[in-house]
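Q: Okay, so here is input_5.txt, and as you'll see once you scroll down, it has compact mmCIF, C-alpha atoms and all ligand atoms.
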# COMPACT_ATOMS: atom_id res chain seq x y z
CA MET O 1 -8.20 15.20 15.95
CA GLU O 2 -7.81 14.25 12.32
CA THR O 3 -7.92 10.50 11.81
CA SER O 4 -5.12 9.73 9.38
CA VAL O 5 -6.21 6.17 8.83
CA LYS O 6 -4.51 5.77 5.47
CA VAL O 7 -1.37 3.66 5.57
CA PHE O 8 0.89 3.52 2.52
CA THR O 9 2.39 0.16 1.70
CA GLN O 10 3.32 0.97 -1.90
CA ILE O 11 6.10 3.43 -2.54
CA SER O 12 4.48 4.54 -5.79
CA GLU O 13 1.28 5.45 -3.98
CA PHE O 14 3.26 7.28 -1.30
CA PHE O 15 5.11 9.28 -3.96
CA ASP O 16 1.80 10.13 -5.64
CA TYR O 17 0.54 11.48 -2.33
CA LEU O 18 3.67 13.60 -1.81
CA GLY O 19 3.28 15.09 -5.27
CA ALA O 20 5.47 14.82 -8.34
CA ASP O 21 7.81 17.70 -7.46
CA GLN O 22 8.68 16.53 -4.00
CA ALA O 23 8.98 12.90 -5.08
CA ALA O 24 11.26 13.85 -7.97
CA SER O 25 13.56 16.00 -5.86
CA ILE O 26 13.82 13.26 -3.26
CA THR O 27 14.45 10.53 -5.80
CA GLU O 28 17.24 12.62 -7.23
CA VAL O 29 19.04 12.96 -3.91
CA LEU O 30 18.30 9.55 -2.44
CA ALA O 31 18.38 6.32 -4.39
CA PRO O 32 15.16 4.49 -3.52
CA ALA O 33 15.67 0.74 -3.58
CA THR O 34 12.95 -0.07 -6.04
CA LEU O 35 9.27 0.59 -6.27
CA ASP O 36 8.65 -2.82 -4.75
CA SER O 37 9.97 -3.18 -1.26
CA ASP O 38 11.81 -5.75 0.78
CA PRO O 39 9.33 -8.47 1.77
CA LYS O 40 11.19 -9.13 5.03
CA PHE O 41 10.99 -5.54 6.17
CA PRO O 42 8.40 -3.91 3.95
CA PHE O 43 7.82 -0.24 3.42
CA ILE O 44 5.04 1.10 5.65
CA CYS O 45 4.27 4.77 6.17
CA SER O 46 1.23 6.38 7.77
CA ARG O 47 -0.50 9.29 6.13
CA HIS O 48 0.29 11.32 9.20
CA TYR O 49 4.02 10.75 8.69
CA ALA O 50 3.68 11.52 4.98
CA ASP O 51 2.03 14.82 5.99
CA LEU O 52 4.95 15.55 8.32
CA ILE O 53 7.29 15.03 5.36
CA LYS O 54 5.19 17.37 3.24
CA LYS O 55 5.31 20.08 5.92
CA SER O 56 8.98 19.61 6.78
CA ALA O 57 11.66 22.13 5.87
CA GLU O 58 14.00 19.11 5.58
CA PRO O 59 11.85 16.48 3.89
CA GLU O 60 14.89 14.41 2.90
CA ALA O 61 15.78 13.89 6.53
CA LEU O 62 12.40 12.36 7.36
CA MET O 63 12.26 10.53 4.07
CA ARG O 64 15.52 8.74 4.84
CA GLU O 65 13.90 7.28 7.93
CA VAL O 66 11.08 5.63 6.03
CA LEU O 67 12.11 5.07 2.42
CA PRO O 68 14.04 1.90 1.50
CA LEU O 69 17.25 2.88 -0.29
CA MET O 70 19.62 0.89 -2.47
CA ALA O 71 22.25 1.27 0.25
CA GLU O 72 20.28 -1.19 2.43
CA ARG O 73 21.26 -4.02 0.17
CA GLU O 74 24.96 -3.62 0.87
CA LYS O 75 26.53 -6.28 3.05
CA VAL O 76 28.89 -4.55 5.44
CA PRO O 77 31.21 -6.52 7.74
CA GLY O 78 30.19 -6.18 11.39
CA PHE O 79 26.53 -5.53 10.58
CA VAL O 80 24.58 -8.60 11.68
CA ASP O 81 21.07 -9.94 12.20
CA ASP O 82 20.98 -9.72 16.03
CA PRO O 83 23.22 -6.76 16.87
CA VAL O 84 22.10 -6.26 20.46
CA GLY O 85 21.96 -9.86 21.66
CA ASP O 86 18.17 -10.02 21.90
CA LEU O 87 18.03 -13.70 21.08
CA PRO O 88 20.32 -15.04 23.85
CA ALA O 89 18.46 -12.75 26.32
CA GLY O 90 15.04 -14.06 25.30
CA LYS O 91 13.37 -15.61 28.35
CA SER O 92 10.16 -16.74 26.70
CA ASP O 93 8.51 -16.15 23.33
CA CYS O 94 8.04 -12.50 24.06
CA VAL O 95 10.03 -11.48 27.17
CA ILE O 96 13.62 -10.27 26.96
CA GLN O 97 15.52 -9.77 30.18
CA LYS O 98 18.97 -8.26 29.99
CA TYR O 99 18.98 -6.06 33.06
CA ASP O 100 18.62 -6.75 36.74
CA LYS O 101 15.00 -7.04 37.93
CA ARG O 102 13.62 -5.34 34.81
CA ALA O 103 12.09 -7.01 31.77
CA LEU O 104 11.11 -5.98 28.28
CA VAL O 105 8.11 -7.39 26.45
CA VAL O 106 8.18 -7.67 22.67
CA SER O 107 4.45 -6.99 22.60
CA THR O 108 3.79 -7.29 18.89
CA ALA O 109 5.47 -7.59 15.52
CA THR O 110 3.60 -4.60 14.18
CA CYS O 111 4.80 -0.99 13.96
CA GLY O 112 3.19 2.19 12.71
CA MET O 113 6.02 2.48 10.22
CA ARG O 114 9.12 0.53 9.34
CA CYS O 115 12.10 2.69 10.26
CA ARG O 116 14.84 1.74 7.86
CA PHE O 117 17.51 1.81 10.59
CA CYS O 118 15.56 -0.43 12.99
CA PHE O 119 17.79 -2.57 15.22
CA ARG O 120 15.12 -5.27 15.23
CA LYS O 121 15.02 -5.22 11.45
CA ASN O 122 15.87 -8.91 11.30
CA TYR O 123 14.29 -9.95 14.60
CA PRO O 124 12.22 -13.14 14.23
CA PHE O 125 9.04 -11.40 15.34
CA GLN O 126 6.05 -13.58 16.03
CA ASN O 127 2.63 -12.25 16.82
CA ILE O 128 1.80 -14.05 20.05
CA PRO O 129 -1.92 -14.88 20.09
CA ASP O 130 -2.30 -14.52 23.87
CA ILE O 131 0.34 -11.99 24.81
CA ALA O 132 -1.31 -11.12 28.14
CA GLY O 133 -1.42 -14.79 29.17
CA HIS O 134 2.23 -15.28 28.26
CA VAL O 135 3.45 -12.25 30.15
CA GLY O 136 1.23 -13.10 33.12
CA ASN O 137 2.66 -16.61 33.36
CA TRP O 138 6.19 -15.32 33.11
CA LEU O 139 5.66 -12.70 35.81
CA ASP O 140 4.07 -15.33 38.10
CA THR O 141 7.45 -17.01 38.37
CA HIS O 142 9.59 -13.85 38.30
CA THR O 143 8.48 -11.94 41.34
CA ASP O 144 11.68 -9.88 41.51
CA ILE O 145 10.74 -7.85 38.40
CA TRP O 146 9.73 -4.31 39.36
CA GLU O 147 9.73 -2.61 35.95
CA VAL O 148 8.04 -3.97 32.84
CA ILE O 149 8.78 -2.28 29.54
CA LEU O 150 6.32 -2.74 26.71
CA SER O 151 8.25 -2.56 23.48
CA GLY O 152 7.99 -4.28 20.14
CA GLY O 153 7.22 -3.65 17.42
CA ASP O 154 5.06 -0.89 18.76
CA PRO O 155 2.89 -1.90 21.74
CA LEU O 156 0.32 0.77 20.86
CA THR O 157 -0.46 -1.04 17.61
CA LEU O 158 -2.19 -3.74 19.70
CA GLY O 159 -5.97 -3.47 19.60
CA PRO O 160 -7.46 -1.54 22.54
CA GLY O 161 -8.84 -4.76 24.12
CA GLU O 162 -5.58 -6.65 23.78
CA PHE O 163 -3.57 -3.73 25.09
CA ARG O 164 -5.86 -3.30 28.08
CA ASP O 165 -5.65 -7.04 28.87
CA LEU O 166 -1.88 -6.86 28.80
CA VAL O 167 -1.76 -3.88 31.11
CA GLU O 168 -4.36 -5.38 33.50
CA THR O 169 -2.41 -8.63 33.67
CA ILE O 170 0.75 -6.78 34.58
CA ALA O 171 -1.16 -4.72 37.15
CA VAL O 172 -2.25 -7.78 39.15
CA HIS O 173 1.43 -8.54 39.82
CA GLY O 174 2.00 -6.37 42.87
CA SER O 175 5.77 -6.70 42.48
CA VAL O 176 5.65 -4.56 39.33
CA THR O 177 5.66 -0.92 40.38
CA THR O 178 6.65 0.75 37.11
CA LEU O 179 5.11 0.34 33.70
CA ARG O 180 7.09 1.78 30.84
CA ILE O 181 5.91 2.04 27.26
CA HIS O 182 8.30 2.46 24.36
CA THR O 183 6.44 3.83 21.35
CA ARG O 184 6.83 5.82 18.19
CA LEU O 185 3.08 6.17 17.65
CA PRO O 186 2.74 9.74 18.98
CA VAL O 187 4.53 10.89 15.82
CA ILE O 188 3.25 8.21 13.43
CA ARG O 189 -0.34 7.56 14.45
CA PRO O 190 -1.17 10.14 17.13
CA ASP O 191 -4.85 9.31 16.65
CA ILE O 192 -4.32 5.72 17.81
CA ALA O 193 -2.01 6.76 20.64
CA MET O 194 -4.69 9.15 21.86
CA GLN O 195 -7.42 6.49 21.73
CA HIS O 196 -5.35 4.13 23.88
CA PHE O 197 -4.50 6.70 26.50
CA GLU O 198 -8.03 7.99 26.75
CA LEU O 199 -9.01 4.46 27.77
CA LEU O 200 -6.19 4.25 30.29
CA ARG O 201 -6.73 7.39 32.30
CA GLU O 202 -6.63 5.56 35.61
CA LEU O 203 -3.30 3.83 34.95
CA PRO O 204 -1.01 6.26 36.80
CA ALA O 205 -3.00 5.57 39.97
CA ARG O 206 -1.77 1.96 39.88
CA PHE O 207 1.81 2.23 38.63
CA GLU O 208 4.53 4.73 38.07
CA CYS O 209 3.92 5.28 34.36
CA VAL O 210 6.71 6.21 32.01
CA LEU O 211 6.35 6.81 28.30
CA VAL O 212 9.54 6.75 26.26
CA SER O 213 8.75 8.12 22.83
CA HIS O 214 11.01 7.65 19.85
CA VAL O 215 11.44 10.91 17.97
CA ASP O 216 14.53 11.53 15.83
CA HIS O 217 13.89 14.88 14.18
CA PRO O 218 12.15 18.07 15.35
CA ASP O 219 9.86 18.07 12.30
CA GLU O 220 8.30 14.83 13.56
CA LEU O 221 6.67 16.84 16.35
CA ASP O 222 3.52 18.80 15.61
CA GLU O 223 0.28 19.85 17.26
CA GLU O 224 -1.01 16.26 17.24
CA SER O 225 1.98 14.83 19.12
CA GLN O 226 1.58 17.78 21.47
CA MET O 227 -2.01 16.70 22.21
CA VAL O 228 -0.91 13.16 23.05
CA PHE O 229 1.94 14.28 25.29
CA GLY O 230 -0.21 16.99 26.86
CA HIS O 231 -2.87 14.45 27.74
CA LEU O 232 -0.35 12.05 29.28
CA ARG O 233 1.39 14.72 31.25
CA PHE O 234 -1.90 15.92 32.65
CA SER O 235 -2.69 12.31 33.69
CA GLY O 236 0.57 12.00 35.59
CA TRP O 237 2.95 10.22 33.24
CA THR O 238 6.69 10.82 33.12
CA LEU O 239 7.62 11.58 29.51
CA LEU O 240 11.05 10.82 28.07
CA ASN O 241 12.36 10.50 24.54
CA GLN O 242 14.96 8.38 22.85
CA SER O 243 16.48 9.12 19.46
CA VAL O 244 18.90 7.30 17.25
CA LEU O 245 21.81 9.30 15.88
CA LEU O 246 21.39 8.96 12.12
CA LYS O 247 23.52 10.21 9.28
CA GLY O 248 21.55 12.49 6.99
CA VAL O 249 18.69 12.75 9.50
CA ASN O 250 19.87 14.40 12.70
CA ASP O 251 23.70 14.33 12.67
CA ASN O 252 24.20 18.04 13.17
CA ALA O 253 24.15 20.17 16.30
CA ALA O 254 21.42 22.53 15.08
CA THR O 255 18.93 19.71 14.50
CA LEU O 256 19.70 18.02 17.82
CA GLU O 257 19.39 21.33 19.64
CA LYS O 258 16.05 22.04 17.99
CA LEU O 259 14.82 18.53 18.77
CA SER O 260 15.58 18.93 22.48
CA HIS O 261 13.87 22.32 22.61
CA LYS O 262 10.81 21.14 20.77
CA LEU O 263 10.47 18.01 22.90
CA PHE O 264 10.63 20.21 25.97
CA THR O 265 7.89 22.52 24.71
CA GLN O 266 5.74 19.37 24.39
CA GLY O 267 6.55 18.26 27.94
CA VAL O 268 9.11 15.57 27.06
CA LEU O 269 12.71 15.33 28.28
CA PRO O 270 15.47 13.89 26.06
CA TYR O 271 16.68 10.63 27.58
CA TYR O 272 18.96 8.69 25.24
CA LEU O 273 20.71 9.45 21.97
CA HIS O 274 21.56 5.99 20.73
CA GLN O 275 24.51 5.14 18.61
CA LEU O 276 23.24 3.00 15.77
CA ASP O 277 22.93 -0.70 16.43
CA HIS O 278 24.74 -2.63 13.73
CA ALA O 279 21.85 -4.50 12.12
CA ASN O 280 22.27 -5.76 8.58
CA GLY O 281 21.31 -3.11 6.03
CA VAL O 282 21.69 0.02 8.18
CA ALA O 283 25.39 0.88 7.69
CA HIS O 284 24.59 3.99 5.62
CA PHE O 285 23.11 5.62 8.77
CA GLU O 286 26.32 5.24 10.80
CA VAL O 287 27.87 8.26 12.54
CA ASP O 288 31.24 7.47 14.11
CA ASP O 289 31.82 7.78 17.86
CA ASP O 290 34.21 10.75 17.57
CA ARG O 291 31.66 12.76 15.61
CA ALA O 292 28.90 11.69 18.01
CA ARG O 293 30.93 12.91 21.01
CA GLU O 294 31.66 16.16 19.21
CA LEU O 295 27.96 16.73 18.59
CA ILE O 296 27.07 16.12 22.23
CA ALA O 297 29.88 18.45 23.35
CA GLU O 298 28.53 21.09 20.99
CA ILE O 299 24.91 20.92 22.14
CA ARG O 300 26.02 20.84 25.77
CA THR O 301 27.30 24.39 25.27
CA ARG O 302 23.94 25.46 23.87
CA LEU O 303 21.41 23.74 26.11
CA PRO O 304 20.63 23.36 29.81
CA GLY O 305 21.90 20.05 31.17
CA TYR O 306 18.40 18.58 31.37
CA LEU O 307 17.99 18.92 27.61
CA VAL O 308 21.18 17.03 26.72
CA PRO O 309 20.45 13.34 26.05
CA LYS O 310 22.85 10.61 27.20
CA LEU O 311 24.90 9.27 24.32
CA VAL O 312 24.87 5.48 24.61
CA ARG O 313 25.37 2.27 22.74
CA GLU O 314 23.85 -1.10 23.44
CA ILE O 315 26.51 -3.76 23.65
CA ALA O 316 25.31 -7.37 23.63
CA GLY O 317 25.85 -9.04 27.00
CA GLU O 318 26.38 -5.80 28.98
CA LYS O 319 24.30 -5.17 32.10
CA SER O 320 23.19 -1.69 31.01
CA LYS O 321 23.43 0.62 28.03
CA THR O 322 27.04 1.79 27.68
CA PRO O 323 27.83 5.52 27.82
CA ILE O 324 30.10 6.74 25.00
C1 LIG D 1 17.23 -0.84 26.58
C2 LIG D 1 16.61 -1.94 27.30
C3 LIG D 1 16.01 -1.73 28.55
C4 LIG D 1 15.91 -0.35 29.16
O1 LIG D 1 17.12 0.17 29.56
P1 LIG D 1 17.19 1.57 30.29
O2 LIG D 1 18.65 1.89 30.33
O3 LIG D 1 16.58 1.40 31.62
O4 LIG D 1 16.41 2.54 29.48
C5 LIG D 1 15.51 -2.80 29.23
N1 LIG D 1 15.55 -4.05 28.73
C6 LIG D 1 16.10 -4.29 27.53
C7 LIG D 1 16.13 -5.71 27.03
C8 LIG D 1 16.65 -3.26 26.76
O5 LIG D 1 17.17 -3.52 25.57
S1 LIG D 2 8.97 1.89 15.45
FE1 LIG D 2 10.77 1.05 16.55
S2 LIG D 2 10.59 -1.20 16.36
FE2 LIG D 2 9.24 -0.26 14.79
S3 LIG D 2 10.49 -0.10 12.95
FE3 LIG D 2 10.70 1.85 14.01
S4 LIG D 2 12.56 1.58 15.28
FE4 LIG D 2 11.88 -0.47 14.66
Go ahead and render the structure in this file as structure tokens.
Ligand SMILES: *Cc1c(COP(=O)(O)O)cnc(C)c1O
Ligand code: SF4
A:
Amino acid sequence: METSVKVFTQISEFFDYLGADQAASITEVLAPATLDSDPKFPFICSRHYADLIKKSAEPEALMREVLPLMAEREKVPGFVDDPVGDLPAGKSDCVIQKYDKRALVVSTATCGMRCRFCFRKNYPFQNIPDIAGHVGNWLDTHTDIWEVILSGGDPLTLGPGEFRDLVETIAVHGSVTTLRIHTRLPVIRPDIAMQHFELLRELPARFECVLVSHVDHPDELDEESQMVFGHLRFSGWTLLNQSVLLKGVNDNAATLEKLSHKLFTQGVLPYYLHQLDHANGVAHFEVDDDRARELIAEIRTRLPGYLVPKLVREIAGEKSKTPI
């Protein structure tokens, strides 16, 4: 597999890589914020993702996900720093528990890219030096937890040793029967995702293992994501995907239909289609609920039931995601 180790942190460099024509056509349609980016939520894009943009028939769609736009600076009423109530649900420095007997670990502050619509855009991430120790201590006193979700940031951006320690620590807690990983790396850094999972071949023998990928557009899937998912499926993982419904990215029935089909050809079932969480600076991605319902109704007539994701919103304080 190609190792796309290059990570762009400068928009100018990223545009150079895309080539003058593509950069110019994009700049014309979108209004990039500035060539310097927001220090609180900086621009980061892997070379792999830049290559996906280059290959895409709809490069603007993917570009909107990664490129800071002027629209982010608008203050819109109702768009806040902690839209999903993460902070009141925080149980320790890195564990969030909102739902009965299941806990989510904010494993790291790092991601393979900074999605401009991220609901944790303003989350006070801290890199915890001994994440495994923290989670282990927390689980010692919470023996009712049966599912642990590794989220973030992106848990697969932890170093292989750190990641393994975290997983091993969870494994010694016999009460935990399901390990779930939420990650966007299969479409951003498939090389790193592959390295992790090659080291963790034996994992499904110890837990039910569930991978929930985050893919928003069919052009994010290619032969490299297919290798990662293929490997996991062969090792016994359950593979699901969540997407965010995003204006200008995937808010049409044809794209959603294609996404479901393509996920399925790579062994992944659509799980959730999330309505946008109202974080500061993401209002330009909003699709209203009526339109969202219309889209789901439309794809339901085109796809088998198992390829129609559940349309949900996260409402702070609720005991589950809320169907729309
Ligand atoms: C979304 C979320 C989960 C997972 O919810 P499911 O409906 O099981 O996918 C768990 N914990 C937290 C804190 C969450 O935000
Ligand atoms: S990978 Fe997930 S946590 Fe990271 S920026 Fe994207 S949406 Fe946010």
Q: Considering all atoms listed in the file, can you say which of O:Arg300, O:Lys321, O:Arg293, O:His278 comes closest to Pro77 (chain O)?
A: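 The shortest atom-to-atom distance to Pro77 (chain O) comes from O:His278.
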Q: Nearest residue to ligand LIG 2 (chain D) out of O:Leu221, O:Val187, O:Ala71, O:Val84, using only C-alpha atoms and all ligand atoms?
A: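 Using only C-alpha atoms and all ligand atoms, ligand LIG 2 (chain D) sits closest to O:Val187.
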Q: If you measure from atom C7 of ligand LIG 1 (chain D) to CA of Ile192 (chain O), what distance in Å do you get, rounded to one decimal?
A: 25.2 Å
Q: So how far away is CA of Ser175 (chain O) from CA of Trp146 (chain O), in Å?
A: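 Atom-to-atom, CA of Trp146 (chain O) to CA of Ser175 (chain O), that is 5.6 Å.
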Q: What's around Ala254 (chain O) at 10 Å? Count all atoms listed in the file, leave out sequence neighbours fewer than 6 positions away in its own chain, and write the answer as a list in words.
A: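 Close residues of Ala254 (chain O): Leu295, Glu298, Ile299 and Arg302 of chain O.
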Q: Can you build me a table of chain O residues sitting at most 7 Å from ligand LIG 2 (chain D), with the closest atom pair per residue and its distance in Å to one decimal, using all atoms listed in the file, sorted by chain and residue number, as a Markdown table?
A:
| residue | atom | partner | partner_atom | distance |
| --- | --- | --- | --- | --- |
| O:Cys111 | CA | D:LIG2 | FE2 | 4.6 |
| O:Gly112 | CA | D:LIG2 | S1 | 6.4 |
| O:Met113 | CA | D:LIG2 | S3 | 5.8 |
| O:Arg114 | CA | D:LIG2 | S3 | 3.9 |
| O:Cys115 | CA | D:LIG2 | FE3 | 4.1 |
| O:Arg116 | CA | D:LIG2 | S3 | 6.9 |
| O:Phe117 | CA | D:LIG2 | S4 | 6.8 |
| O:Cys118 | CA | D:LIG2 | FE4 | 4.0 |
| O:Phe119 | CA | D:LIG2 | FE4 | 6.3 |
| O:Arg120 | CA | D:LIG2 | FE4 | 5.8 |
| O:Lys121 | CA | D:LIG2 | FE4 | 6.5 |
| O:Gly152 | CA | D:LIG2 | S2 | 5.5 |
| O:Gly153 | CA | D:LIG2 | S2 | 4.3 |
| O:Asp154 | CA | D:LIG2 | FE2 | 5.8 |
| O:Thr183 | CA | D:LIG2 | S1 | 6.7 |
| O:Arg184 | CA | D:LIG2 | S1 | 5.2 |
Q: Within 6 Å of ligand LIG 1 (chain D) (counting all atoms listed in the file), which residues show up? I'd like them as a list in words.
A: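 Written in the requested form, the residues are Ile96, Gln97, Lys98, Tyr99, Ala103, Leu104, Ser320 and Lys321 of chain O.
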Q: With only C-alpha atoms as the counted atoms, please give the residues lying no more than 7 Å from region 44-53 of chain O, apart from itself and same-chain residues fewer than 4 positions off, as a PyMOL selection string.
A: chain O and resi 4+6-9+59+62-63+66+112-114+188-189+219-220
Q: Please, what distance in Å, to one decimal, runs between CA of Ser243 (chain O) and CA of His274 (chain O)?
A: 6.1 Å
